[in-house]
Structure formats: C-alpha cells, structure tokens
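work.cif follows; it contains mmCIF, C-alpha atoms.
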data_target
#
loop_
_atom_site.label_atom_id
_atom_site.label_comp_id
_atom_site.auth_asym_id
_atom_site.auth_seq_id
_atom_site.Cartn_x
_atom_site.Cartn_y
_atom_site.Cartn_z
CA MET J 51 135.32 54.65 -12.33
CA ALA J 52 136.10 55.15 -8.68
CA HIS J 53 134.73 52.62 -6.25
CA GLU J 54 131.54 53.84 -4.63
CA CYS J 55 130.31 52.43 -1.37
CA LEU J 56 126.52 51.99 -1.66
CA VAL J 57 125.83 50.36 1.68
CA MET J 58 127.84 50.22 4.88
CA SER J 59 126.09 48.64 7.83
CA ASP J 60 126.19 50.44 11.15
CA ARG J 61 124.62 47.72 13.31
CA PRO J 62 124.22 43.96 13.35
CA GLY J 63 121.56 42.25 11.28
CA PRO J 64 118.81 40.17 12.83
CA ILE J 65 119.64 36.86 14.46
CA ILE J 66 118.25 34.10 12.28
CA THR J 67 117.24 30.86 13.90
CA TYR J 68 115.70 27.84 12.31
CA ALA J 69 114.07 24.70 13.64
CA SER J 70 112.42 22.88 10.77
CA ALA J 71 112.93 22.19 7.11
CA GLY J 72 110.98 24.07 4.52
CA SER J 73 111.25 27.43 6.13
CA PRO J 74 111.16 30.32 3.70
CA VAL J 75 114.30 32.11 2.78
CA LEU J 76 115.30 34.42 5.55
CA ALA J 77 116.60 37.91 5.13
CA ILE J 78 120.01 38.48 6.57
CA TYR J 79 119.87 42.19 6.26
CA PRO J 80 116.53 43.41 4.94
CA GLU J 81 117.03 47.00 5.98
CA TRP J 82 120.18 47.22 3.91
CA ARG J 83 118.79 45.99 0.66
CA VAL J 84 119.85 48.57 -1.86
CA LEU J 85 117.83 49.85 -4.77
CA ILE J 86 119.59 49.53 -8.13
CA PRO J 87 117.82 51.97 -10.42
CA ALA J 88 116.52 50.96 -13.83
CA GLY J 89 119.09 51.39 -16.56
CA SER J 90 122.05 51.06 -14.21
CA TRP J 91 123.41 47.95 -15.85
CA TYR J 92 125.83 47.72 -18.72
CA PRO J 93 128.37 45.07 -19.69
CA GLY J 94 131.29 45.45 -17.34
CA LYS J 95 129.36 47.00 -14.48
CA THR J 96 130.68 45.34 -11.38
CA MET J 97 129.46 45.19 -7.80
CA ARG J 98 131.03 43.69 -4.72
CA ILE J 99 129.35 42.48 -1.56
CA ARG J 100 131.41 41.87 1.55
CA ALA J 101 129.75 40.54 4.66
CA SER J 102 130.82 38.85 7.84
CA GLY J 103 129.23 37.64 11.02
CA ILE J 104 128.78 34.72 13.33
CA CYS J 105 126.94 31.44 13.08
CA ALA J 106 126.28 28.39 15.18
CA GLY J 107 124.91 24.95 14.58
CA ASP J 108 125.45 21.31 15.34
CA GLN J 109 126.35 18.19 13.46
CA ALA J 110 122.74 17.64 12.47
CA MET J 111 122.75 20.72 10.32
CA ALA J 112 123.26 19.52 6.78
CA SER J 113 123.67 22.59 4.65
CA PHE J 114 122.49 26.04 3.94
CA ARG J 115 122.58 28.36 1.02
CA ILE J 116 123.43 32.01 0.76
CA ALA J 117 121.78 33.84 -2.05
CA ALA J 118 122.77 37.18 -3.44
CA GLY J 119 120.27 38.47 -5.86
CA PHE J 120 117.70 40.93 -6.99
CA SER J 121 114.07 41.32 -6.11
CA LEU J 122 114.33 38.48 -3.64
CA THR J 123 110.91 37.29 -2.69
CA TYR J 124 111.72 35.08 0.31
CA GLN J 125 109.63 32.29 -1.13
CA GLY J 126 112.20 29.52 -1.12
CA ALA J 127 115.14 28.27 -3.07
CA ASP J 128 113.22 27.82 -6.28
CA VAL J 129 112.62 31.49 -6.97
CA PRO J 130 114.74 32.85 -9.82
CA LEU J 131 117.54 34.22 -7.74
CA HIS J 132 120.41 35.55 -9.72
CA ALA J 133 123.90 34.50 -8.82
CA VAL J 134 123.08 32.03 -6.07
CA PHE J 135 125.47 29.77 -4.29
CA GLY J 136 125.36 27.28 -1.48
CA MET J 137 127.63 25.30 0.76
CA SER J 138 127.66 22.51 3.30
CA VAL J 139 128.28 23.62 6.85
CA SER J 140 128.06 20.47 8.89
CA ASN J 141 130.52 21.24 11.59
CA HIS J 142 129.59 21.95 15.13
CA GLY J 143 130.30 25.49 16.14
CA GLN J 144 129.11 28.14 18.52
CA ASN J 145 129.39 31.76 17.51
CA VAL J 146 132.16 31.08 15.05
CA PRO J 147 132.95 33.70 12.43
CA TRP J 148 132.07 33.60 8.77
CA ARG J 149 133.12 35.90 5.94
CA LEU J 150 131.69 36.31 2.46
CA ASP J 151 133.37 38.15 -0.41
CA TYR J 152 131.29 38.19 -3.53
CA THR J 153 131.82 40.11 -6.78
CA PHE J 154 129.70 39.94 -9.87
CA VAL J 155 130.33 41.37 -13.31
CA CYS J 156 127.56 42.17 -15.77
CA ARG J 157 128.02 40.30 -19.06
CA SER J 158 124.96 41.45 -20.96
CA THR J 159 121.78 43.44 -20.45
CA SER J 160 118.24 43.17 -21.69
CA SER J 161 114.69 43.59 -20.55
CA THR J 162 114.38 39.87 -20.00
CA VAL J 163 117.70 38.29 -19.14
CA THR J 164 120.52 40.41 -17.79
CA THR J 165 123.43 38.11 -17.05
CA LEU J 166 125.98 38.41 -14.29
CA PHE J 167 129.13 36.39 -13.74
CA PRO J 168 130.04 35.84 -10.08
CA MET J 169 133.30 35.19 -8.29
CA ALA J 170 133.18 34.57 -4.59
CA LEU J 171 134.58 32.89 -1.56
CA PHE J 172 133.13 31.95 1.79
CA VAL J 173 135.36 31.30 4.80
CA SER J 174 134.26 29.83 8.11
CA PRO J 175 135.11 27.06 10.56
CA MET J 176 131.50 25.99 10.00
CA ILE J 177 132.29 24.64 6.55
CA ILE J 178 132.24 20.89 6.61
CA SER J 179 135.72 19.58 7.19
CA GLY J 180 137.70 16.89 8.90
CA ASN J 181 139.51 19.63 10.77
CA PRO J 182 136.78 21.78 12.24
CA SER J 183 138.79 23.51 14.91
CA PRO J 184 139.94 27.00 13.95
CA SER J 185 143.20 26.20 15.67
CA VAL J 186 143.73 23.50 13.06
CA ASN J 187 142.15 24.83 9.94
CA CYS J 188 139.72 27.47 8.75
CA PRO J 189 138.31 26.14 5.50
CA MET J 190 137.04 28.20 2.64
CA LEU J 191 134.90 27.46 -0.38
CA ASN J 192 134.53 28.82 -3.82
CA PRO J 193 130.77 28.77 -3.43
CA ASP J 194 129.95 27.66 -6.94
CA TRP J 195 130.50 23.94 -6.61
CA SER J 196 129.87 23.07 -10.20
CA ALA J 197 131.30 24.76 -13.26
CA PRO J 198 131.02 28.54 -12.92
CA VAL J 199 128.48 29.99 -15.32
CA VAL J 200 126.61 33.21 -15.85
CA SER J 201 123.48 33.70 -13.84
CA THR J 202 120.18 32.51 -15.18
CA GLY J 203 116.79 34.04 -14.61
CA THR J 204 114.79 37.01 -15.64
CA LEU J 205 116.64 40.01 -14.29
CA ASN J 206 115.28 43.02 -16.13
CA ALA J 207 117.82 45.81 -16.42
CA ASN J 208 115.11 48.27 -17.38
CA VAL J 209 113.30 48.31 -14.04
CA ASP J 210 114.39 49.08 -10.50
CA GLN J 211 115.85 46.10 -8.62
CA LEU J 212 116.52 45.46 -4.97
CA LEU J 213 119.87 43.86 -4.22
CA GLY J 214 120.29 41.83 -1.08
CA ILE J 215 121.57 38.60 0.39
CA ASP J 216 119.58 35.89 2.13
CA VAL J 217 120.34 32.68 3.92
CA HIS J 218 118.22 29.64 3.30
CA VAL J 219 118.42 26.32 5.12
CA GLN J 220 118.38 23.64 2.47
CA THR J 221 117.84 20.49 4.47
CA SER J 222 116.47 19.45 7.80
CA THR J 223 118.35 20.64 10.81
CA VAL J 224 117.84 20.98 14.48
CA SER J 225 119.63 24.19 15.15
CA LEU J 226 120.97 27.21 13.38
CA MET J 227 121.97 30.66 14.41
CA PHE J 228 123.19 33.03 11.75
CA GLN J 229 123.87 36.72 12.09
CA THR J 230 125.47 39.38 9.95
CA LEU J 231 127.68 41.76 11.86
CA SER J 232 129.04 43.79 8.98
CA TYR J 233 127.71 44.26 5.48
CA ARG J 234 129.06 46.38 2.68
CA VAL J 235 128.16 46.83 -0.97
CA ASP J 236 130.42 48.65 -3.41
CA ALA J 237 129.92 49.58 -7.03
CA ILE J 238 133.40 49.14 -8.43
CA ALA J 239 132.92 49.60 -12.14
CA MET D 58 142.67 58.76 -3.06
CA ALA D 59 139.79 56.74 -4.43
CA ILE D 60 140.16 53.18 -5.58
CA VAL D 61 139.65 53.22 -9.33
CA ASN D 62 138.59 50.32 -11.48
CA TRP D 63 140.96 50.08 -14.41
CA ILE D 64 139.90 46.91 -16.20
CA THR D 65 136.84 44.69 -16.05
CA GLY D 66 136.63 41.81 -18.46
CA THR D 67 133.22 40.98 -19.86
CA THR D 68 134.19 37.96 -21.89
CA ASP D 69 136.00 34.73 -21.10
CA GLY D 70 139.69 34.37 -21.70
CA PRO D 71 140.92 31.60 -23.98
CA THR D 72 140.50 28.02 -22.80
CA LEU D 73 144.07 26.83 -22.37
CA THR D 74 144.77 23.13 -22.71
CA ALA D 75 148.36 22.92 -23.92
CA ALA D 76 151.30 22.20 -21.66
CA ALA D 77 152.72 25.63 -22.30
CA ARG D 78 152.77 29.17 -21.02
CA ALA D 79 150.17 31.48 -22.56
CA SER D 80 148.25 34.64 -21.86
CA CYS D 81 145.03 33.71 -20.10
CA ILE D 82 143.11 36.99 -20.01
CA PRO D 83 140.72 38.16 -22.71
CA THR D 84 142.75 39.71 -25.52
CA ALA D 85 140.65 42.86 -25.43
CA ASN D 86 141.60 43.41 -21.80
CA ARG D 87 145.34 43.56 -22.37
CA PHE D 88 145.64 47.13 -21.20
CA VAL D 89 148.69 49.34 -21.68
CA LEU D 90 149.69 51.38 -18.63
CA PRO D 91 151.27 54.71 -19.57
CA ASN D 92 154.87 55.57 -18.89
CA ASN D 93 155.73 56.92 -15.47
CA PHE D 94 152.56 55.27 -14.16
CA TRP D 95 154.15 53.93 -10.99
CA TRP D 96 155.44 55.57 -7.87
CA ILE D 97 156.67 54.02 -4.69
CA GLY D 98 153.67 52.91 -2.70
CA ARG D 99 151.25 52.79 -5.60
CA ALA D 100 149.30 49.56 -5.60
CA MET D 101 147.36 47.50 -8.11
CA HIS D 102 144.77 44.90 -7.14
CA ILE D 103 144.04 42.08 -9.57
CA ARG D 104 141.17 39.67 -8.95
CA MET D 105 140.40 36.82 -11.29
CA SER D 106 138.21 33.75 -11.29
CA GLY D 107 137.35 30.96 -13.65
CA ARG D 108 137.25 27.23 -14.14
CA ILE D 109 139.95 24.59 -14.13
CA SER D 110 140.17 20.89 -14.88
CA CYS D 111 142.85 18.36 -14.02
CA VAL D 112 143.25 14.62 -14.44
CA VAL D 113 143.61 11.88 -11.88
CA THR D 114 147.01 10.79 -10.52
CA THR D 115 149.21 12.98 -12.72
CA PRO D 116 147.55 16.40 -12.79
CA GLY D 117 150.80 18.33 -13.07
CA THR D 118 151.01 21.87 -11.82
CA ALA D 119 149.38 25.19 -12.53
CA ARG D 120 151.09 28.54 -12.44
CA LEU D 121 150.07 32.14 -12.89
CA ASP D 122 152.38 35.05 -13.53
CA ILE D 123 151.76 38.76 -14.01
CA CYS D 124 153.73 40.65 -16.59
CA LEU D 125 154.52 44.29 -17.19
CA GLY D 126 157.37 45.98 -19.05
CA SER D 127 157.55 47.54 -22.48
CA ALA D 128 156.88 44.18 -24.16
CA GLY D 129 154.50 42.96 -21.49
CA THR D 130 156.80 40.03 -20.77
CA THR D 131 158.62 41.00 -17.56
CA ILE D 132 157.34 38.70 -14.81
CA VAL D 133 156.73 41.04 -11.90
CA PHE D 134 154.86 38.36 -9.97
CA ASP D 135 154.93 34.58 -10.15
CA THR D 136 152.85 32.16 -8.08
CA LEU D 137 155.41 29.46 -8.83
CA ALA D 138 154.17 25.94 -9.54
CA LEU D 139 150.94 25.03 -7.73
CA ASN D 140 150.41 21.32 -7.23
CA LEU D 141 147.04 20.19 -8.49
CA ASN D 142 144.65 17.62 -7.12
CA ILE D 143 145.47 13.99 -7.80
CA VAL D 144 141.73 13.41 -7.85
CA ALA D 145 140.31 14.39 -11.21
CA LYS D 146 138.42 17.68 -11.28
CA THR D 147 136.30 18.95 -14.12
CA THR D 148 135.57 22.65 -14.61
CA VAL D 149 135.66 23.47 -10.90
CA PRO D 150 135.94 27.11 -9.87
CA TRP D 151 139.14 28.88 -8.93
CA ILE D 152 139.78 32.37 -7.60
CA PHE D 153 143.01 34.39 -7.61
CA ASP D 154 143.59 37.61 -5.72
CA CYS D 155 146.81 39.61 -5.96
CA LEU D 156 147.81 42.98 -4.57
CA LEU D 157 151.04 44.38 -5.99
CA VAL D 158 152.65 47.31 -4.17
CA CYS D 159 155.36 49.26 -5.95
CA ARG D 160 158.57 49.13 -3.95
CA ALA D 161 160.93 50.97 -6.25
CA VAL D 162 160.76 52.92 -9.49
CA GLY D 163 163.26 53.69 -12.21
CA THR D 164 164.42 52.71 -15.64
CA GLY D 165 165.69 49.38 -16.88
CA THR D 166 164.75 46.70 -14.38
CA SER D 167 164.51 48.83 -11.28
CA THR D 168 160.70 49.15 -10.94
CA THR D 169 159.65 46.37 -8.60
CA PHE D 170 156.55 45.19 -6.77
CA PHE D 171 155.88 43.25 -3.59
CA PRO D 172 152.92 40.83 -3.70
CA THR D 173 150.16 39.74 -1.36
CA ALA D 174 148.24 36.98 -3.08
CA TYR D 175 146.32 33.74 -2.86
CA PHE D 176 144.93 31.07 -5.15
CA ALA D 177 142.01 28.89 -4.07
CA SER D 178 140.26 26.02 -5.78
CA GLU D 179 138.97 22.51 -5.33
CA ALA D 180 141.62 21.66 -7.91
CA VAL D 181 144.44 22.44 -5.45
CA VAL D 182 146.22 19.34 -4.19
CA GLY D 183 144.56 17.72 -1.20
CA SER D 184 141.22 19.44 -1.59
CA PRO D 185 138.26 17.21 -0.71
CA LEU D 186 134.88 17.40 -2.36
CA PRO D 187 132.96 20.49 -1.22
CA SER D 188 130.52 18.14 0.49
CA ALA D 189 133.39 16.88 2.63
CA GLY D 190 135.58 19.91 3.24
CA GLY D 191 136.83 23.27 2.15
CA ASN D 192 138.67 24.13 -1.01
CA GLY D 193 142.45 24.23 -1.10
CA PHE D 194 143.81 27.68 -0.36
CA LEU D 195 147.38 28.64 -1.14
CA ASN D 196 149.17 31.78 -0.19
CA VAL D 197 151.27 32.52 -3.22
CA PRO D 198 154.04 32.55 -4.22
CA VAL D 199 154.50 29.07 -2.83
CA GLY D 200 157.91 30.08 -1.63
CA THR D 201 159.51 32.96 0.16
CA PRO D 202 157.65 36.18 -0.67
CA ALA D 203 159.86 38.60 -2.56
CA VAL D 204 159.71 41.27 -5.20
CA GLY D 205 159.49 39.98 -8.74
CA ALA D 206 161.55 40.94 -11.73
CA GLY D 207 161.84 44.67 -12.34
CA CYS D 208 160.49 46.65 -15.28
CA ASP D 209 161.07 50.07 -16.80
CA ASN D 210 158.79 52.77 -15.43
CA SER D 211 159.80 55.19 -18.17
CA ALA D 212 158.14 53.06 -20.84
CA ALA D 213 154.49 52.26 -21.50
CA SER D 214 153.74 48.85 -20.09
CA PRO D 215 151.13 46.29 -21.17
CA LEU D 216 149.59 44.39 -18.28
CA ASP D 217 149.14 40.71 -18.94
CA VAL D 218 148.57 37.52 -16.96
CA PHE D 219 149.95 34.20 -18.10
CA PHE D 220 149.01 30.66 -17.18
CA THR D 221 151.25 27.63 -17.38
CA GLN D 222 150.38 24.00 -16.89
CA THR D 223 152.85 21.18 -17.08
CA VAL D 224 150.63 18.55 -18.67
CA ALA D 225 148.38 18.79 -21.70
CA THR D 226 145.50 17.03 -20.01
CA GLY D 227 144.21 19.96 -18.02
CA SER D 228 142.14 22.98 -18.90
CA PHE D 229 142.02 26.55 -17.60
CA THR D 230 139.68 29.44 -18.44
CA VAL D 231 139.39 32.95 -17.02
CA HIS D 232 135.81 34.10 -16.52
CA ASN D 233 136.28 37.28 -14.51
CA TYR D 234 139.22 39.68 -14.67
CA VAL D 235 139.05 42.84 -12.55
CA VAL D 236 141.93 45.25 -12.03
CA ASP D 237 141.77 48.16 -9.60
CA ILE D 238 144.32 50.86 -8.99
CA VAL D 239 144.28 51.30 -5.24
CA ASN D 240 145.95 54.69 -4.92
#
Target encoding structure tokens, full file:
Amino acid sequence: MAHECLVMSDRPGPIITYASAGSPVLAIYPEWRVLIPAGSWYPGKTMRIRASGICAGDQAMASFRIAAGFSLTYQGADVPLHAVFGMSVSNHGQNVPWRLDYTFVCRSTSSTVTTLFPMALFVSPMIISGNPSPSVNCPMLNPDWSAPVVSTGTLNANVDQLLGIDVHVQTSTVSLMFQTLSYRVDAIA
Amino acid sequence: MAIVNWITGTTDGPTLTAAARASCIPTANRFVLPNNFWWIGRAMHIRMSGRISCVVTTPGTARLDICLGSAGTTIVFDTLALNLNIVAKTTVPWIFDCLLVCRAVGTGTSTTFFPTAYFASEAVVGSPLPSAGGNGFLNVPVGTPAVGAGCDNSAASPLDVFFTQTVATGSFTVHNYVVDIVN
C-alpha cells in the first residue's frame, strides 16, 4: 500500500521538566495521539514514528525512557506499554537536538495479545558518551539494549487504541528539559 | 508519486552461524521484481533490523549485500566487510538502512544503482556498552561510494539480501525486513 501520513505536527509539543524521581510518565505530544481503529491490525501492518526536538540536562541525570505504545495511561514505567525502549542520557547539554526513528511491524493479532516487532534508533549528543561534544561525536543508540523481541502486553486488536509516545525519567535527576519540535506518524503497510 | 510498501516481513529470517555467505531474509519475502521495473531515478528503500552476536578478541567481520538480476545473485550493493566488536556481544540489536537509486538502465549488466546506507549496532567495532556510550554507526560501504554491479532490466529480478561472516562463532538473524519503492 502507499504510505499514508496519519499525523504531522504543526507546532512544538509541551516543554517537559522534571525535578524529582517517581514522576509519572509525561506526554510528549498528547494532542497528537492518534486513534487506531479496532480491526486495523493484521500481520505485516507497519507504522513508523519519526520525531525530533531538543533536550537539556546535566551530569546528574541518569537516564530516561521513551515509550511508544497504545492506550498509554501515564501511570509509570510498569504499565503494559507495547514496544518500549529506554536509553542513558548522562551527558550535559543545553538545548541539544534529538531524533527518534521508530518502526514497528505487526507479527500477530488477537483480542488479547497483538504482537509488534520494533526497529528503531535514537540520535542525540545527550546520549552518554566519552565524547559528548557534537563537534566530536553525535552518538546513536539502537534503543533495545537487550536482545530484540516482539512486544509483550495485552494489546487488543479488536478495540480502538490510542498511539502515542511518552518520555519517562527512570532515575533521580536534578534537571531535565525535553521538547518535541516535530512529530510524524505514517502507516506504511 | 506515493511511496509504496513492497515487502514487509512478518517472520524472522534464518539464524546464520556459519562462516559463509547466505540469504538472510525470510524465504517467503524473496520477491521477484518484474522486467522493465527500473527507470533512471527510481529508488528503492530497504530497512532491516535484527540481532547479532560476536565473540571476544576474534569476532571477524560482518557483511551485507543486496542482490538483483535474473538469478537474484548480482550484487548491486555491498557494505564490504564491517569489523565487529572485539568485546563479546550476545544477541544485541542491529539496524540497516539502504536507499538505492537507479543510475542507468539497460540489458546485460548496464542497470546500476547508487547507494546511501548505514549499519548501526553495539556489535560494531569500538562500540561501548549502551550504559557508557552510543552504538557504533557506519556509513556503508566502508569504502568509496560507487554504483554496484549491474543487472539486466529486461529480465524479472528476485530481490535478495545476503549476509556473510568470516568466523563461525557469530550469529545473525533478521527480525524486520521492510522494502519501499520510493517513486
């Protein structure tokens, strides 16, 4: 099928700041969460999220997690998010860019467990590195640190689902600024 | 014109462990492009991801090549040998992205493509742990960019992707295989 752009942002997302551990998951772009109608999924259906923006933090910031998933409830990292990944971003940076490119392919559908297989990369000078300066290196991560696997959880293909991405601070930190400047979702198969 | 998805794999490719060259995509996704499919400027975008393992000290190299041609064996793009991490890695993710733009069309070996591609993984040489730094990122081919071998545009052409490792101690599996025709 032809690629179909489902969401194209026309303004920046909210500026997310964080000052203490244990904060709930924060919506990067709540107004651009897209409704995936019931029955839309089939094996091979593929969607792609591309987002970019700016972030800032200091050396005390240990890590954060970006979650792309369905029916996100903003209740913390232990909710059954589907296709979730995280990364360490311990470098100091002020308004440095980040870019996320995230594709997921449906492997199977059911009313209880619809599985998706992700492939993704995240690029930013904020990624922990011995060479934090963009003039030296701009590191990237395959966000799945461990062996890539299909998503787990209880995604029901037979009911409407909201698709969105969140950012969640995983460990204690003293500063964080995170903003999405562009956000795009395509159905590509 | 619209970007059209041509292939999306929904199963894993074979897990390759031998020190040999072999097709790495799911067998069911070995698609045959019709004859006269290409024109100058037509582009194909291949994105793949999966898992890779390599051993400490002597990990050897990894290599991906894309084949077309009537037998599906003409190497139109070759990453060349990618040095792997001398620190052992077990089933870490990799991602490969390749845009091939048709530069010339014709019979025999005169249909050629120019690549824009990268390969990224913690298994690339020099990559630290994700808790210490970013994954290794290689613009490929790891040499002077150039068109690959030419194929025959007047013949139907299977599209295949091959993986080669130089030692039998590694492992490579394709999880996702997505091919789009850009124009």
Exercise for review: Please write the residues picked by the PyMOL selection byres ((chain D and resi 233) around 12) on this file as number ranges by chain.
Suggested key: J: 94-96, 153-157, 166-170, 198-200; D: 64-71, 81-83, 86, 103-108, 150-154, 230-232, 234-236
Would you output that residue set with C-alpha atoms, as a PDB file, in the coordinates of the input?
ATOM      1  CA  GLY J  94     131.290  45.450 -17.340  1.00  0.00           C
ATOM      2  CA  LYS J  95     129.360  47.000 -14.480  1.00  0.00           C
ATOM      3  CA  THR J  96     130.680  45.340 -11.380  1.00  0.00           C
ATOM      4  CA  THR J 153     131.820  40.110  -6.780  1.00  0.00           C
ATOM      5  CA  PHE J 154     129.700  39.940  -9.870  1.00  0.00           C
ATOM      6  CA  VAL J 155     130.330  41.370 -13.310  1.00  0.00           C
ATOM      7  CA  CYS J 156     127.560  42.170 -15.770  1.00  0.00           C
ATOM      8  CA  ARG J 157     128.020  40.300 -19.060  1.00  0.00           C
ATOM      9  CA  LEU J 166     125.980  38.410 -14.290  1.00  0.00           C
ATOM     10  CA  PHE J 167     129.130  36.390 -13.740  1.00  0.00           C
ATOM     11  CA  PRO J 168     130.040  35.840 -10.080  1.00  0.00           C
ATOM     12  CA  MET J 169     133.300  35.190  -8.290  1.00  0.00           C
ATOM     13  CA  ALA J 170     133.180  34.570  -4.590  1.00  0.00           C
ATOM     14  CA  PRO J 198     131.020  28.540 -12.920  1.00  0.00           C
ATOM     15  CA  VAL J 199     128.480  29.990 -15.320  1.00  0.00           C
ATOM     16  CA  VAL J 200     126.610  33.210 -15.850  1.00  0.00           C
TER      17      VAL J 200
ATOM     18  CA  ILE D  64     139.900  46.910 -16.200  1.00  0.00           C
ATOM     19  CA  THR D  65     136.840  44.690 -16.050  1.00  0.00           C
ATOM     20  CA  GLY D  66     136.630  41.810 -18.460  1.00  0.00           C
ATOM     21  CA  THR D  67     133.220  40.980 -19.860  1.00  0.00           C
ATOM     22  CA  THR D  68     134.190  37.960 -21.890  1.00  0.00           C
ATOM     23  CA  ASP D  69     136.000  34.730 -21.100  1.00  0.00           C
ATOM     24  CA  GLY D  70     139.690  34.370 -21.700  1.00  0.00           C
ATOM     25  CA  PRO D  71     140.920  31.600 -23.980  1.00  0.00           C
ATOM     26  CA  CYS D  81     145.030  33.710 -20.100  1.00  0.00           C
ATOM     27  CA  ILE D  82     143.110  36.990 -20.010  1.00  0.00           C
ATOM     28  CA  PRO D  83     140.720  38.160 -22.710  1.00  0.00           C
ATOM     29  CA  ASN D  86     141.600  43.410 -21.800  1.00  0.00           C
ATOM     30  CA  ILE D 103     144.040  42.080  -9.570  1.00  0.00           C
ATOM     31  CA  ARG D 104     141.170  39.670  -8.950  1.00  0.00           C
ATOM     32  CA  MET D 105     140.400  36.820 -11.290  1.00  0.00           C
ATOM     33  CA  SER D 106     138.210  33.750 -11.290  1.00  0.00           C
ATOM     34  CA  GLY D 107     137.350  30.960 -13.650  1.00  0.00           C
ATOM     35  CA  ARG D 108     137.250  27.230 -14.140  1.00  0.00           C
ATOM     36  CA  PRO D 150     135.940  27.110  -9.870  1.00  0.00           C
ATOM     37  CA  TRP D 151     139.140  28.880  -8.930  1.00  0.00           C
ATOM     38  CA  ILE D 152     139.780  32.370  -7.600  1.00  0.00           C
ATOM     39  CA  PHE D 153     143.010  34.390  -7.610  1.00  0.00           C
ATOM     40  CA  ASP D 154     143.590  37.610  -5.720  1.00  0.00           C
ATOM     41  CA  THR D 230     139.680  29.440 -18.440  1.00  0.00           C
ATOM     42  CA  VAL D 231     139.390  32.950 -17.020  1.00  0.00           C
ATOM     43  CA  HIS D 232     135.810  34.100 -16.520  1.00  0.00           C
ATOM     44  CA  TYR D 234     139.220  39.680 -14.670  1.00  0.00           C
ATOM     45  CA  VAL D 235     139.050  42.840 -12.550  1.00  0.00           C
ATOM     46  CA  VAL D 236     141.930  45.250 -12.030  1.00  0.00           C
TER      47      VAL D 236
END
Check your understanding: What is the CA of Met97 (chain J)-CA of Phe172 (chain J) distance in Å, reported with one decimal?
Key -> 16.8 Å
Review point. What residues come out when you apply the PyMOL selection byres ((chain D) within 6 of (chain J)) to this file, written as a ChimeraX atom specification?
Key: /D:59-62,65,67,106,148-150,188-192
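Minimum distance to Asp236 (chain J) across J:Leu56, J:Leu205, J:Thr67, J:Trp82 (counting all atoms listed in the file) occurs at J:Leu56.
Under the PyMOL selection byres ((chain D and resi 124) around 6), the matching residues in the shown file are Ile123, Leu125, Gly129, Thr130, Thr131, Ile132, Val133, Leu216 and Asp217 of chain D.
In this structure, CA of Val84 (chain J) sits 6.8 Å away from CA of Gly214 (chain J).
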Around region 119-126 of chain D, fit a box with edges along x, y and z, padding it by 5 Å on each side, then list its centre and edge lengths in Å to one decimal as JSON.
{"center_x": 153.4, "center_y": 35.6, "center_z": -15.7, "size_x": 18.0, "size_y": 30.8, "size_z": 16.6}
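Of the listed residues J:Ile215, J:Val163, J:Leu231, J:Ala106, the one whose atoms come nearest to Arg149 (chain J) is J:Leu231, with distances taken using only C-alpha atoms.
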Practice item. Go ahead and compute the interatomic distance for CA of Ile104 (chain J) and CA of Pro64 (chain J), in Å to one decimal. Key: 11.4 Å
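Closest approach to Ser201 (chain J) from the set J:Arg83, J:Thr159, J:Cys55, J:Leu150 is made by J:Thr159, with distances taken over only C-alpha atoms.
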Exercise for review: Please check which residues have atoms at most 6 Å from (143.8, 49.9, -5.7) in the file's coordinates, counting only C-alpha atoms, and write them as a PyMOL selection string.
Suggested key: chain D and resi 60+100-102+237-240
Review point. Looking at D:Val89, D:Ile143, D:Leu195, D:Leu137, which one is nearest to Phe219 (chain D), with distances taken over only C-alpha atoms?
Key: D:Leu137
If we count all atoms listed in the file and set the cut-off at 12 Å, which residues sit around Thr118 (chain D), ignoring sequence neighbours fewer than 4 positions away in its own chain? Please answer as a tab-separated table (two decimals) with C-alpha atoms, in the coordinates of the input.
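Output (out_32.tsv):
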chain	number	residue	atom	x	y	z
D	76	ALA	CA	151.30	22.20	-21.66
D	77	ALA	CA	152.72	25.63	-22.30
D	78	ARG	CA	152.77	29.17	-21.02
D	109	ILE	CA	139.95	24.59	-14.13
D	110	SER	CA	140.17	20.89	-14.88
D	111	CYS	CA	142.85	18.36	-14.02
D	112	VAL	CA	143.25	14.62	-14.44
D	114	THR	CA	147.01	10.79	-10.52
D	136	THR	CA	152.85	32.16	-8.08
D	137	LEU	CA	155.41	29.46	-8.83
D	138	ALA	CA	154.17	25.94	-9.54
D	139	LEU	CA	150.94	25.03	-7.73
D	140	ASN	CA	150.41	21.32	-7.23
D	141	LEU	CA	147.04	20.19	-8.49
D	142	ASN	CA	144.65	17.62	-7.12
D	143	ILE	CA	145.47	13.99	-7.80
D	180	ALA	CA	141.62	21.66	-7.91
D	181	VAL	CA	144.44	22.44	-5.45
D	182	VAL	CA	146.22	19.34	-4.19
D	220	PHE	CA	149.01	30.66	-17.18
D	221	THR	CA	151.25	27.63	-17.38
D	222	GLN	CA	150.38	24.00	-16.89
D	223	THR	CA	152.85	21.18	-17.08
D	224	VAL	CA	150.63	18.55	-18.67
D	225	ALA	CA	148.38	18.79	-21.70
D	226	THR	CA	145.50	17.03	-20.01
D	227	GLY	CA	144.21	19.96	-18.02
D	228	SER	CA	142.14	22.98	-18.90
D	229	PHE	CA	142.02	26.55	-17.60
Check your understanding: Residues at most 7 Å from region 155-159 of chain D, counting all atoms listed in the file, excluding those fewer than 3 positions away in the same chain, as a ChimeraX atom specification?
Key -> /D:95-104,169-175
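Look at Ser161 (chain J): the protein and nucleic acid residues within 10 Å of it, using only C-alpha atoms and passing over chain neighbours fewer than 5 places away, are Gly89, Thr204, Leu205, Asn206, Ala207, Asn208 and Val209 of chain J.
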